[in-house]
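Structure data follow from start.txt (compact mmCIF, C-alpha atoms):
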# COMPACT_ATOMS: atom_id res chain seq x y z
CA MET A 1 50.22 52.90 -13.03
CA THR A 2 49.74 49.71 -11.03
CA PRO A 3 49.37 50.58 -7.34
CA ASP A 4 52.27 49.57 -5.14
CA ILE A 5 51.34 47.19 -2.32
CA ARG A 6 53.57 47.39 0.73
CA PRO A 7 53.58 47.00 4.53
CA VAL A 8 52.23 50.04 6.33
CA THR A 9 54.49 52.13 8.54
CA GLU A 10 53.40 54.50 11.29
CA ALA A 11 53.93 57.41 8.89
CA ASP A 12 51.45 55.79 6.46
CA LEU A 13 48.69 55.39 9.04
CA PRO A 14 46.84 58.69 8.46
CA GLU A 15 46.55 58.01 4.73
CA TRP A 16 45.82 54.29 5.29
CA SER A 17 43.10 55.16 7.82
CA LYS A 18 41.57 57.60 5.33
CA ALA A 19 41.33 54.81 2.73
CA LEU A 20 39.78 52.47 5.27
CA ARG A 21 37.17 55.03 6.28
CA THR A 22 36.42 55.79 2.64
CA GLY A 23 35.85 52.12 1.87
CA PHE A 24 33.39 51.81 4.75
CA LEU A 25 31.55 55.05 3.82
CA ARG A 26 32.66 56.92 6.91
CA PRO A 27 33.82 60.56 6.94
CA PRO A 28 37.25 60.22 5.32
CA THR A 29 39.66 62.12 7.54
CA PRO A 30 40.61 60.23 10.74
CA SER A 31 41.16 62.05 14.00
CA LYS A 32 44.60 62.28 15.53
CA GLU A 33 43.33 60.12 18.41
CA GLU A 34 42.19 57.39 16.03
CA VAL A 35 45.56 57.26 14.28
CA GLU A 36 47.41 57.15 17.61
CA PHE A 37 45.15 54.34 18.79
CA ARG A 38 45.89 52.28 15.68
CA ALA A 39 49.66 52.72 15.76
CA PRO A 40 50.64 49.88 18.17
CA THR A 41 48.63 47.21 16.34
CA HIS A 42 48.47 48.47 12.76
CA ALA A 43 52.00 49.68 11.99
CA THR A 44 53.23 46.11 11.50
CA PRO A 45 54.37 43.97 8.54
CA ARG A 46 50.94 42.27 8.56
CA THR A 47 49.15 45.52 7.68
CA GLN A 48 49.20 46.12 3.93
CA GLY A 49 48.27 49.15 1.88
CA ALA A 50 47.97 49.68 -1.87
CA PHE A 51 49.34 53.10 -2.83
CA ASP A 52 48.67 54.93 -6.08
CA GLY A 53 51.32 57.60 -5.79
CA ASP A 54 50.89 59.11 -2.34
CA ARG A 55 47.25 58.06 -1.97
CA CYS A 56 46.31 54.80 -0.25
CA VAL A 57 43.58 53.10 -2.29
CA ALA A 58 43.22 49.72 -0.56
CA THR A 59 43.75 48.39 2.98
CA PHE A 60 44.29 44.96 4.53
CA ARG A 61 45.38 43.77 7.97
CA SER A 62 45.76 40.47 9.76
CA PHE A 63 46.75 39.43 13.26
CA THR A 64 47.17 36.27 15.30
CA GLN A 65 44.01 34.90 16.85
CA ARG A 66 42.98 31.84 18.86
CA LEU A 67 39.79 30.05 17.83
CA SER A 68 38.03 27.57 20.12
CA MET A 69 37.20 24.26 18.48
CA PRO A 70 34.54 21.70 19.47
CA GLY A 71 35.79 20.19 22.72
CA GLY A 72 37.44 23.41 23.92
CA ALA A 73 40.91 23.22 22.38
CA ASP A 74 42.37 26.23 20.56
CA VAL A 75 43.91 26.57 17.13
CA THR A 76 46.03 29.51 16.01
CA THR A 77 44.46 31.38 13.12
CA ASP A 78 45.24 34.30 10.85
CA ALA A 79 42.48 36.83 11.53
CA VAL A 80 41.82 39.02 8.48
CA SER A 81 40.36 42.47 9.08
CA ASN A 82 40.20 46.07 7.79
CA VAL A 83 39.73 45.04 4.16
CA ALA A 84 38.71 47.96 1.92
CA VAL A 85 39.26 48.91 -1.71
CA SER A 86 38.46 52.45 -2.83
CA PRO A 87 35.68 52.71 -5.44
CA THR A 88 38.16 54.35 -7.83
CA HIS A 89 40.37 51.24 -7.85
CA ARG A 90 37.98 48.28 -7.86
CA ARG A 91 38.41 45.27 -10.17
CA ARG A 92 42.17 45.64 -10.40
CA GLY A 93 43.10 42.60 -8.30
CA LEU A 94 44.33 44.58 -5.29
CA LEU A 95 42.49 42.48 -2.70
CA SER A 96 43.56 39.28 -4.46
CA ARG A 97 47.21 40.31 -4.29
CA MET A 98 47.04 41.27 -0.62
CA MET A 99 45.05 38.15 0.34
CA ALA A 100 47.45 35.83 -1.51
CA GLU A 101 50.45 37.32 0.26
CA ASP A 102 48.78 37.12 3.67
CA LEU A 103 47.53 33.53 3.31
CA ARG A 104 50.93 32.35 2.03
CA ALA A 105 52.64 33.90 5.07
CA ALA A 106 50.03 32.41 7.42
CA ARG A 107 50.59 28.93 5.95
CA GLU A 108 54.35 29.32 6.39
CA ARG A 109 53.86 30.40 10.02
CA GLY A 110 51.90 27.23 10.69
CA ASP A 111 48.47 28.79 11.27
CA ALA A 112 45.75 26.16 11.08
CA ALA A 113 43.27 28.46 9.34
CA ALA A 114 42.40 32.02 8.45
CA THR A 115 39.27 33.72 9.82
CA LEU A 116 37.24 36.81 9.06
CA ILE A 117 33.85 38.48 9.50
CA ALA A 118 32.52 39.14 6.00
CA ALA A 119 30.94 42.53 5.36
CA GLU A 120 29.67 41.15 2.04
CA TYR A 121 28.82 37.49 1.42
CA PRO A 122 29.97 37.01 -2.22
CA ILE A 123 33.57 38.18 -1.83
CA TYR A 124 35.45 35.61 0.22
CA GLY A 125 34.41 32.24 -1.15
CA ARG A 126 36.82 32.72 -4.04
CA TYR A 127 39.69 32.84 -1.54
CA GLY A 128 38.75 29.53 0.09
CA PHE A 129 36.70 30.86 3.02
CA GLY A 130 33.41 29.28 4.05
CA PRO A 131 30.78 30.55 6.52
CA ALA A 132 31.38 28.43 9.64
CA SER A 133 29.01 30.05 12.14
CA TRP A 134 25.88 32.19 12.08
CA VAL A 135 24.27 34.69 14.41
CA THR A 136 20.71 35.70 15.28
CA GLU A 137 19.51 38.92 16.88
CA TRP A 138 16.13 39.14 18.56
CA GLU A 139 14.02 42.02 19.81
CA VAL A 140 12.01 41.02 22.86
CA GLU A 141 8.73 42.74 23.70
CA VAL A 142 8.94 42.45 27.47
CA ALA A 143 5.21 42.80 28.20
CA ARG A 144 4.43 39.79 26.01
CA THR A 145 7.01 37.39 27.46
CA GLY A 146 4.71 36.01 30.15
CA LEU A 147 7.48 36.32 32.73
CA ASP A 148 6.56 37.20 36.31
CA ARG A 149 7.41 40.89 36.78
CA ARG A 150 7.75 40.32 40.52
CA TYR A 151 11.08 38.56 39.91
CA GLY A 152 13.48 39.27 42.78
CA GLY A 153 16.70 37.45 41.87
CA PRO A 154 18.13 34.09 40.79
CA GLU A 155 16.22 31.12 42.15
CA ASP A 156 19.36 29.01 42.51
CA GLY A 157 20.75 31.07 45.39
CA GLY A 158 23.18 32.99 43.20
CA ARG A 159 23.18 36.75 42.85
CA VAL A 160 23.45 39.47 40.21
CA ASP A 161 25.38 42.64 41.12
CA PHE A 162 26.26 45.79 39.23
CA ALA A 163 29.94 46.16 38.37
CA ASP A 164 32.09 49.15 37.51
CA PRO A 165 34.65 49.11 34.65
CA ALA A 166 37.50 48.11 36.96
CA ASP A 167 35.51 45.07 38.11
CA VAL A 168 34.87 44.11 34.48
CA ARG A 169 38.56 44.39 33.61
CA GLU A 170 39.40 42.19 36.58
CA GLN A 171 36.75 39.51 36.12
CA GLY A 172 36.02 39.62 32.40
CA PRO A 173 39.14 38.12 30.78
CA GLY A 174 39.19 34.95 32.88
CA LEU A 175 35.44 34.49 32.51
CA HIS A 176 35.67 34.89 28.75
CA GLU A 177 38.39 32.24 28.52
CA ARG A 178 36.26 29.86 30.59
CA MET A 179 33.37 30.50 28.20
CA ARG A 180 35.57 29.69 25.20
CA ALA A 181 36.40 26.33 26.77
CA VAL A 182 32.73 25.33 26.69
CA ARG A 183 31.53 27.17 23.54
CA HIS A 184 33.30 26.54 20.26
CA GLY A 185 33.61 29.17 17.58
CA ALA A 186 34.66 31.93 19.98
CA VAL A 187 37.88 33.93 19.51
CA ASP A 188 40.20 35.31 22.15
CA ARG A 189 40.11 38.88 23.45
CA SER A 190 43.32 40.75 24.13
CA GLU A 191 44.03 42.97 27.13
CA ARG A 192 43.72 45.87 24.69
CA TRP A 193 40.16 44.72 23.86
CA TRP A 194 39.13 44.87 27.53
CA LEU A 195 40.79 48.25 28.06
CA THR A 196 39.07 49.73 25.01
CA ASN A 197 35.64 48.30 25.78
CA THR A 198 35.68 49.51 29.37
CA GLY A 199 36.74 53.05 28.51
CA ALA A 200 40.30 52.82 29.86
CA LEU A 201 41.93 53.13 26.42
CA PRO A 202 40.45 55.89 24.20
CA ASN A 203 40.17 54.88 20.54
CA GLY A 204 39.08 58.16 18.99
CA LYS A 205 35.38 57.31 19.14
CA PRO A 206 32.85 58.58 21.69
CA TRP A 207 32.51 56.06 24.54
CA GLN A 208 29.35 55.70 26.58
CA GLU A 209 29.71 53.69 29.76
CA PRO A 210 27.26 50.78 29.65
CA PHE A 211 25.55 49.16 32.58
CA ALA A 212 27.42 46.03 33.64
CA VAL A 213 26.43 43.21 35.97
CA LEU A 214 28.12 40.02 37.16
CA TYR A 215 26.39 36.79 38.10
CA ARG A 216 27.88 34.93 41.06
CA SER A 217 26.98 31.33 41.77
CA PRO A 218 25.79 30.21 45.23
CA GLU A 219 29.46 29.28 45.85
CA GLY A 220 30.56 32.84 45.00
CA THR A 221 32.30 32.24 41.67
CA VAL A 222 31.73 34.73 38.85
CA ASP A 223 30.03 32.65 36.14
CA GLY A 224 28.43 35.32 33.96
CA PHE A 225 28.72 38.88 32.70
CA LEU A 226 26.25 41.23 31.03
CA ALA A 227 26.84 44.70 29.56
CA TYR A 228 23.97 46.71 28.11
CA THR A 229 22.90 50.22 27.22
CA ALA A 230 19.46 51.77 27.67
CA ASP A 231 17.65 54.81 26.38
CA ASP A 232 15.32 57.08 28.37
CA THR A 233 12.18 57.29 26.26
CA TRP A 234 8.80 58.25 27.69
CA GLU A 235 5.46 58.86 25.99
CA THR A 236 2.56 60.54 27.83
CA LYS A 237 4.09 59.67 31.20
CA LEU A 238 4.59 56.02 30.22
CA PRO A 239 8.08 54.47 29.87
CA GLN A 240 8.98 53.16 26.41
CA CYS A 241 12.64 52.44 27.16
CA SER A 242 14.76 49.99 25.18
CA ALA A 243 17.86 48.09 26.24
CA THR A 244 20.56 46.78 23.91
CA VAL A 245 22.87 43.96 24.93
CA LEU A 246 26.52 44.66 24.16
CA ASP A 247 27.94 41.51 25.73
CA LEU A 248 26.49 38.53 27.55
CA ILE A 249 28.77 35.61 28.34
CA ALA A 250 28.12 32.76 30.73
CA VAL A 251 29.85 29.51 31.60
CA THR A 252 26.84 27.74 33.14
CA PRO A 253 23.19 27.46 32.11
CA ALA A 254 22.18 28.91 35.48
CA ALA A 255 24.27 32.03 34.86
CA GLU A 256 22.86 32.48 31.36
CA ARG A 257 19.26 32.16 32.53
CA ALA A 258 19.84 34.50 35.47
CA LEU A 259 21.33 37.26 33.30
CA TRP A 260 18.50 37.17 30.77
CA ARG A 261 15.95 37.03 33.56
CA PHE A 262 17.55 40.03 35.26
CA LEU A 263 17.54 42.19 32.13
CA LEU A 264 13.94 41.33 31.28
CA SER A 265 12.85 42.44 34.77
CA VAL A 266 14.45 45.91 34.81
CA ASP A 267 11.77 48.52 35.44
CA TRP A 268 10.81 50.78 32.49
CA ILE A 269 12.47 48.49 29.93
CA THR A 270 9.80 47.60 27.38
CA ARG A 271 12.01 46.17 24.63
CA VAL A 272 15.33 44.37 24.63
CA ARG A 273 17.61 43.92 21.62
CA THR A 274 19.81 40.91 22.22
CA GLY A 275 22.80 41.67 20.04
CA PHE A 276 24.29 38.87 17.93
CA ARG A 277 23.63 35.54 19.63
CA ALA A 278 24.02 31.94 18.53
CA PRO A 279 20.99 30.82 16.47
CA ASP A 280 20.29 28.16 19.13
CA ASP A 281 20.49 30.60 22.06
CA VAL A 282 18.30 29.63 25.01
CA LEU A 283 16.54 32.99 25.08
CA PRO A 284 13.36 32.42 23.04
CA LEU A 285 12.53 29.19 24.86
CA LEU A 286 13.29 30.81 28.20
CA LEU A 287 10.14 32.86 27.70
CA PRO A 288 6.69 31.45 28.49
CA ASP A 289 5.71 33.02 25.16
CA PRO A 290 8.68 32.61 22.77
CA ARG A 291 6.84 34.68 20.14
CA ALA A 292 7.67 37.74 22.22
CA ALA A 293 11.18 37.42 20.73
CA ARG A 294 11.10 38.64 17.15
CA VAL A 295 14.04 37.85 14.85
CA LEU A 296 15.71 41.02 13.58
CA THR A 297 18.79 39.49 11.97
CA HIS A 298 19.84 35.99 10.98
CA ALA A 299 23.06 35.91 9.00
CA ASP A 300 26.46 34.34 8.45
CA HIS A 301 29.15 35.59 10.81
CA LEU A 302 32.53 33.85 11.26
CA TRP A 303 34.16 32.53 8.07
CA VAL A 304 36.99 29.96 8.17
CA ARG A 305 39.62 29.21 5.54
CA PRO A 306 41.56 25.97 6.30
CA LEU A 307 45.32 26.20 5.87
CA ASP A 308 46.42 22.98 7.61
CA VAL A 309 43.72 20.33 7.27
CA PRO A 310 45.21 17.72 9.63
CA ALA A 311 45.92 20.29 12.36
CA LEU A 312 42.42 21.72 12.09
CA LEU A 313 40.57 18.40 12.16
CA GLU A 314 42.74 16.91 14.89
CA ALA A 315 42.18 19.90 17.17
CA ARG A 316 38.45 19.25 17.63
CA THR A 317 36.61 16.43 19.36
CA TYR A 318 34.04 14.04 17.88
CA ALA A 319 31.04 12.55 19.66
CA SER A 320 31.06 9.33 17.63
CA SER A 321 33.66 7.14 15.96
CA GLY A 322 34.24 6.81 12.24
CA ALA A 323 36.65 7.24 9.36
CA LEU A 324 36.44 9.36 6.22
CA VAL A 325 38.78 9.95 3.32
CA LEU A 326 38.43 13.57 2.22
CA GLU A 327 39.63 14.85 -1.14
CA VAL A 328 40.09 18.57 -0.47
CA THR A 329 40.50 20.79 -3.53
CA ASP A 330 42.31 24.12 -3.19
CA PRO A 331 43.08 26.10 -6.36
CA ASP A 332 45.52 28.25 -4.38
CA GLY A 333 47.62 25.20 -3.46
CA LEU A 334 47.69 25.94 0.27
CA ALA A 335 45.68 23.16 1.89
CA GLY A 336 44.55 20.71 -0.78
CA GLY A 337 45.15 16.96 -0.74
CA ARG A 338 43.62 13.66 0.23
CA PHE A 339 43.33 13.04 3.98
CA LEU A 340 42.19 10.15 6.12
CA LEU A 341 40.22 11.36 9.15
CA ASP A 342 39.99 8.61 11.79
CA ALA A 343 37.97 10.20 14.58
CA GLY A 344 36.32 9.23 17.83
CA PRO A 345 35.77 10.18 21.47
CA ASP A 346 39.05 8.53 22.46
CA GLY A 347 41.24 10.40 20.01
CA THR A 348 41.61 11.53 16.43
CA ARG A 349 44.18 11.25 13.70
CA CYS A 350 44.16 13.01 10.35
CA ALA A 351 46.92 12.47 7.82
CA PRO A 352 47.55 12.39 4.06
CA THR A 353 46.57 9.09 2.46
CA GLY A 354 46.60 7.24 -0.85
CA ARG A 355 43.26 5.55 -0.20
CA ALA A 356 40.30 6.23 -2.48
CA ALA A 357 38.27 9.28 -1.50
CA ASP A 358 34.89 8.99 0.23
CA LEU A 359 34.02 12.67 -0.29
CA THR A 360 35.35 15.40 -2.56
CA LEU A 361 34.88 18.97 -1.43
CA SER A 362 36.50 22.36 -1.80
CA VAL A 363 38.60 23.91 0.96
CA GLY A 364 35.81 26.46 1.50
CA GLU A 365 33.19 23.76 2.07
CA LEU A 366 35.52 22.15 4.60
CA GLY A 367 35.71 25.54 6.33
CA THR A 368 31.92 25.59 6.46
CA LEU A 369 31.81 22.13 8.06
CA VAL A 370 34.76 22.21 10.45
CA LEU A 371 33.03 23.82 13.46
CA GLY A 372 30.06 21.45 13.23
CA ASP A 373 27.39 23.97 12.25
CA GLU A 374 26.48 22.98 8.71
CA SER A 375 25.01 19.71 7.42
CA ALA A 376 27.09 17.72 4.95
CA VAL A 377 23.82 16.22 3.72
CA ARG A 378 22.51 19.68 2.87
CA LEU A 379 25.73 20.69 1.09
CA ALA A 380 25.60 17.47 -0.94
CA ALA A 381 21.99 18.23 -1.89
CA LEU A 382 23.20 21.60 -3.16
CA GLY A 383 25.87 19.92 -5.27
CA ARG A 384 28.68 21.40 -3.23
CA ILE A 385 30.03 18.05 -1.97
CA ASP A 386 30.54 14.97 -4.15
CA GLU A 387 29.89 11.61 -2.53
CA GLU A 388 32.40 9.12 -3.93
CA ARG A 389 31.35 6.22 -1.70
CA ALA A 390 27.73 5.47 -0.79
CA GLY A 391 26.85 6.54 2.74
CA ALA A 392 29.86 8.84 3.15
CA VAL A 393 27.81 12.04 3.33
CA ALA A 394 25.62 10.69 6.12
CA ARG A 395 28.72 9.46 7.95
CA ALA A 396 30.30 12.90 7.65
CA ASP A 397 27.18 14.46 9.13
CA VAL A 398 27.29 12.15 12.14
CA LEU A 399 30.99 12.80 12.69
CA LEU A 400 31.18 16.54 12.17
CA ARG A 401 27.94 18.01 13.52
CA THR A 402 27.89 19.25 17.13
CA ALA A 403 25.09 19.26 19.71
CA ARG A 404 25.26 23.08 20.09
CA ARG A 405 25.95 25.45 17.25
CA PRO A 406 29.23 27.39 17.22
CA TRP A 407 29.08 31.03 18.24
CA CYS A 408 31.49 33.93 17.82
CA PRO A 409 30.38 36.87 20.01
CA ASP A 410 32.88 39.28 18.49
CA ILE A 411 33.37 41.33 15.34
CA PHE A 412 37.00 41.93 14.42

Now that the file is in, can you turn its structure into structure tokens?
Amino acid sequence: MTPDIRPVTEADLPEWSKALRTGFLRPPTPSKEEVEFRAPTHATPRTQGAFDGDRCVATFRSFTQRLSMPGGADVTTDAVSNVAVSPTHRRRGLLSRMMAEDLRAARERGDAAATLIAAEYPIYGRYGFGPASWVTEWEVEVARTGLDRRYGGPEDGGRVDFADPADVREQGPGLHERMRAVRHGAVDRSERWWLTNTGALPNGKPWQEPFAVLYRSPEGTVDGFLAYTADDTWETKLPQCSATVLDLIAVTPAAERALWRFLLSVDWITRVRTGFRAPDDVLPLLLPDPRAARVLTHADHLWVRPLDVPALLEARTYASSGALVLEVTDPDGLAGGRFLLDAGPDGTRCAPTGRAADLTLSVGELGTLVLGDESAVRLAALGRIDEERAGAVARADVLLRTARRPWCPDIF
């Protein structure tokens, strides 16, 4: 029998959750609390399940998301999540069927793109997604940093104070939105996200309250937030404690420096794991000895699948002026075509055109380039972009690249 793919109802959630847990190699049976937590957001027409008889054998969910573009504007995207196919039902086209249905609906809704965090790299290119941002995680050996351990607080006259969960729920959402206005590649966080991550909304998983601090500028505005956990490890009466950053967001360089400096001065902390940061994070160069920060992970993170090329390219800003005709190929017929991008600091227009193409590229390669992280020159060297007019690749690089790399702090 061919499994039946259908929207998931609340009654389906226990079986759907079991399939999801199975796909991610977690103990199969979900708790009652986990199922109840999922119900408000998962029992919707945008959650799909493939059912072989009564058993769910594949899962898929999407939801509306806002993605910050270079310059700070938002686009509405279709965020894809909870993708799993049971090992007993692989290679039967179940994911392809669910993805096709979801992307078609997203295009009809007017979403500019689809987004996801890829558990495995090879899967999503065939659906038109391209890796648009990367992350790096460092482990810092505090004793080697060269920082003055007598540090007593921010040198700019600001202050760092501990905060309880209620403070975080009050200050965090607005601060995060301010951060998204100055850092492209970040996605929005719902009220539900803040409730869950401050322990106010149980999700069926054990919750350990982290340490949380807020940075206030000399004028008293909250410009930064840090949440971290720490262990309590001692060896022969000597502390060997490690801290792990769960969240660090800042809207000013002073706030970012102050939060890192605070964490690296906490007594007994000998190592700090940074969590997933942008590859061009300030942290290593903040240290007198940057080699004290050892790279643990460097990998692709946010993937983007364009659905409306003009809307996507017009939503971002460009540091220089120029024009490009892009021939975008899309085997799925959702976003392909030939488009004239006429961009500059004073405004941008992107529209279908009959002019000869300067560059030919797939919709996935456009997804890789759209946030300004990747080099068009490098993609052309790999044979993934065809230059139809001499100099067009270099011009694309000048237009599309951004001074700072995009960064998505979240996994969804």

Residue contacts of Gly152 of chain A (12 Å, only C-alpha atoms) excluding same-chain residues fewer than 2 positions away, as an mmCIF file with C-alpha atoms, keeping the file's coordinate frame:
data_model
loop_
_atom_site.group_PDB
_atom_site.id
_atom_site.type_symbol
_atom_site.label_atom_id
_atom_site.label_comp_id
_atom_site.auth_asym_id
_atom_site.auth_seq_id
_atom_site.Cartn_x
_atom_site.Cartn_y
_atom_site.Cartn_z
ATOM 1 C CA ASP A 148 6.560 37.200 36.310
ATOM 2 C CA ARG A 149 7.410 40.890 36.780
ATOM 3 C CA ARG A 150 7.750 40.320 40.520
ATOM 4 C CA PRO A 154 18.130 34.090 40.790
ATOM 5 C CA GLU A 155 16.220 31.120 42.150
ATOM 6 C CA ASP A 156 19.360 29.010 42.510
ATOM 7 C CA GLY A 157 20.750 31.070 45.390
ATOM 8 C CA GLY A 158 23.180 32.990 43.200
ATOM 9 C CA ARG A 159 23.180 36.750 42.850
ATOM 10 C CA VAL A 160 23.450 39.470 40.210
ATOM 11 C CA ALA A 258 19.840 34.500 35.470
ATOM 12 C CA ARG A 261 15.950 37.030 33.560
ATOM 13 C CA PHE A 262 17.550 40.030 35.260
ATOM 14 C CA LEU A 263 17.540 42.190 32.130
ATOM 15 C CA LEU A 264 13.940 41.330 31.280
ATOM 16 C CA SER A 265 12.850 42.440 34.770
ATOM 17 C CA VAL A 266 14.450 45.910 34.810
ATOM 18 C CA ASP A 267 11.770 48.520 35.440
#

Could you pull the residues within 12 Å of Arg189 of chain A, counting all atoms listed in the file, minus those fewer than 2 positions along the same chain, as an mmCIF file with C-alpha atoms, in the coordinates of the input?
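Saved to around-v9.cif:
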data_model
loop_
_atom_site.group_PDB
_atom_site.id
_atom_site.type_symbol
_atom_site.label_atom_id
_atom_site.label_comp_id
_atom_site.auth_asym_id
_atom_site.auth_seq_id
_atom_site.Cartn_x
_atom_site.Cartn_y
_atom_site.Cartn_z
ATOM 1 C CA THR A 64 47.170 36.270 15.300
ATOM 2 C CA GLN A 65 44.010 34.900 16.850
ATOM 3 C CA ARG A 66 42.980 31.840 18.860
ATOM 4 C CA LEU A 67 39.790 30.050 17.830
ATOM 5 C CA SER A 68 38.030 27.570 20.120
ATOM 6 C CA ARG A 169 38.560 44.390 33.610
ATOM 7 C CA GLY A 172 36.020 39.620 32.400
ATOM 8 C CA PRO A 173 39.140 38.120 30.780
ATOM 9 C CA GLY A 174 39.190 34.950 32.880
ATOM 10 C CA LEU A 175 35.440 34.490 32.510
ATOM 11 C CA HIS A 176 35.670 34.890 28.750
ATOM 12 C CA GLU A 177 38.390 32.240 28.520
ATOM 13 C CA MET A 179 33.370 30.500 28.200
ATOM 14 C CA ARG A 180 35.570 29.690 25.200
ATOM 15 C CA ALA A 186 34.660 31.930 19.980
ATOM 16 C CA VAL A 187 37.880 33.930 19.510
ATOM 17 C CA GLU A 191 44.030 42.970 27.130
ATOM 18 C CA ARG A 192 43.720 45.870 24.690
ATOM 19 C CA TRP A 193 40.160 44.720 23.860
ATOM 20 C CA TRP A 194 39.130 44.870 27.530
ATOM 21 C CA LEU A 195 40.790 48.250 28.060
ATOM 22 C CA THR A 196 39.070 49.730 25.010
ATOM 23 C CA ASN A 197 35.640 48.300 25.780
ATOM 24 C CA CYS A 408 31.490 33.930 17.820
ATOM 25 C CA PRO A 409 30.380 36.870 20.010
ATOM 26 C CA ASP A 410 32.880 39.280 18.490
ATOM 27 C CA ILE A 411 33.370 41.330 15.340
ATOM 28 C CA PHE A 412 37.000 41.930 14.420
#

Within 10 Å of segment 237-255 of chain A: each segment 267-383 of chain A residue with its shortest pair, only C-alpha atoms, as a Markdown table:
| residue | atom | partner | partner_atom | distance |
| --- | --- | --- | --- | --- |
| A:Asp267 | CA | A:Pro239 | CA | 8.9 |
| A:Trp268 | CA | A:Pro239 | CA | 5.3 |
| A:Ile269 | CA | A:Cys241 | CA | 4.8 |
| A:Thr270 | CA | A:Cys241 | CA | 5.6 |
| A:Arg271 | CA | A:Ser242 | CA | 4.7 |
| A:Val272 | CA | A:Ala243 | CA | 4.8 |
| A:Arg273 | CA | A:Thr244 | CA | 4.7 |
| A:Thr274 | CA | A:Val245 | CA | 5.1 |
| A:Gly275 | CA | A:Val245 | CA | 5.4 |
| A:Phe276 | CA | A:Val245 | CA | 8.8 |
| A:Arg277 | CA | A:Leu248 | CA | 8.9 |
| A:Val282 | CA | A:Pro253 | CA | 8.9 |

In Å, with one decimal, what is the gap from atom CA of Arg26 of chain A to atom CA of Thr233 of chain A? 28.2 Å

Just want the 7 Å neighbourhood of Asp386 of chain A, counted on only C-alpha atoms, with same-chain residues fewer than 5 positions away dropped. Output as a ChimeraX atom specification. /A:359-361,380

Got a sec: who's within 10 Å of Asp342 of chain A, counting all atoms listed in the file, leaving out chain neighbours fewer than 2 positions off, as a PyMOL selection string? chain A and resi 313-314+321-325+339-340+344+347-351+399

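Of the listed residues (A:Ala43, A:Leu326, A:His89, A:Gly336), A:Leu326 comes nearest to Ala357 of chain A; the distances count all atoms listed in the file.
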
Would you mind completing segment 148-157 of chain A to N, CA, C and O atoms and writing the output as a compact mmCIF listing (two decimals), in the coordinates of the input?
# COMPACT_ATOMS: atom_id res chain seq x y z
N ASP A 148 7.08 36.58 35.10
CA ASP A 148 6.56 37.20 36.31
C ASP A 148 7.37 38.47 36.61
O ASP A 148 8.57 38.41 36.87
N ARG A 149 6.73 39.63 36.55
CA ARG A 149 7.41 40.89 36.78
C ARG A 149 7.81 41.09 38.23
O ARG A 149 8.53 42.04 38.56
N ARG A 150 7.37 40.21 39.11
CA ARG A 150 7.75 40.32 40.52
C ARG A 150 9.08 39.64 40.81
O ARG A 150 9.47 39.48 41.97
N TYR A 151 9.79 39.24 39.77
CA TYR A 151 11.08 38.56 39.91
C TYR A 151 12.00 39.34 40.86
O TYR A 151 12.17 40.55 40.74
N GLY A 152 12.64 38.61 41.79
CA GLY A 152 13.48 39.27 42.78
C GLY A 152 14.91 38.77 42.82
O GLY A 152 15.66 39.15 43.72
N GLY A 153 15.32 37.93 41.88
CA GLY A 153 16.70 37.45 41.87
C GLY A 153 16.76 35.99 41.49
O GLY A 153 15.74 35.30 41.40
N PRO A 154 17.97 35.47 41.22
CA PRO A 154 18.13 34.09 40.79
C PRO A 154 17.53 33.10 41.80
O PRO A 154 17.71 33.25 43.01
N GLU A 155 16.85 32.11 41.28
CA GLU A 155 16.22 31.12 42.15
C GLU A 155 17.18 30.07 42.67
O GLU A 155 16.83 29.30 43.56
N ASP A 156 18.40 30.04 42.12
CA ASP A 156 19.36 29.01 42.51
C ASP A 156 20.21 29.42 43.72
O ASP A 156 21.11 28.69 44.12
N GLY A 157 19.95 30.60 44.27
CA GLY A 157 20.75 31.07 45.39
C GLY A 157 21.92 31.92 44.99
O GLY A 157 22.65 32.43 45.85
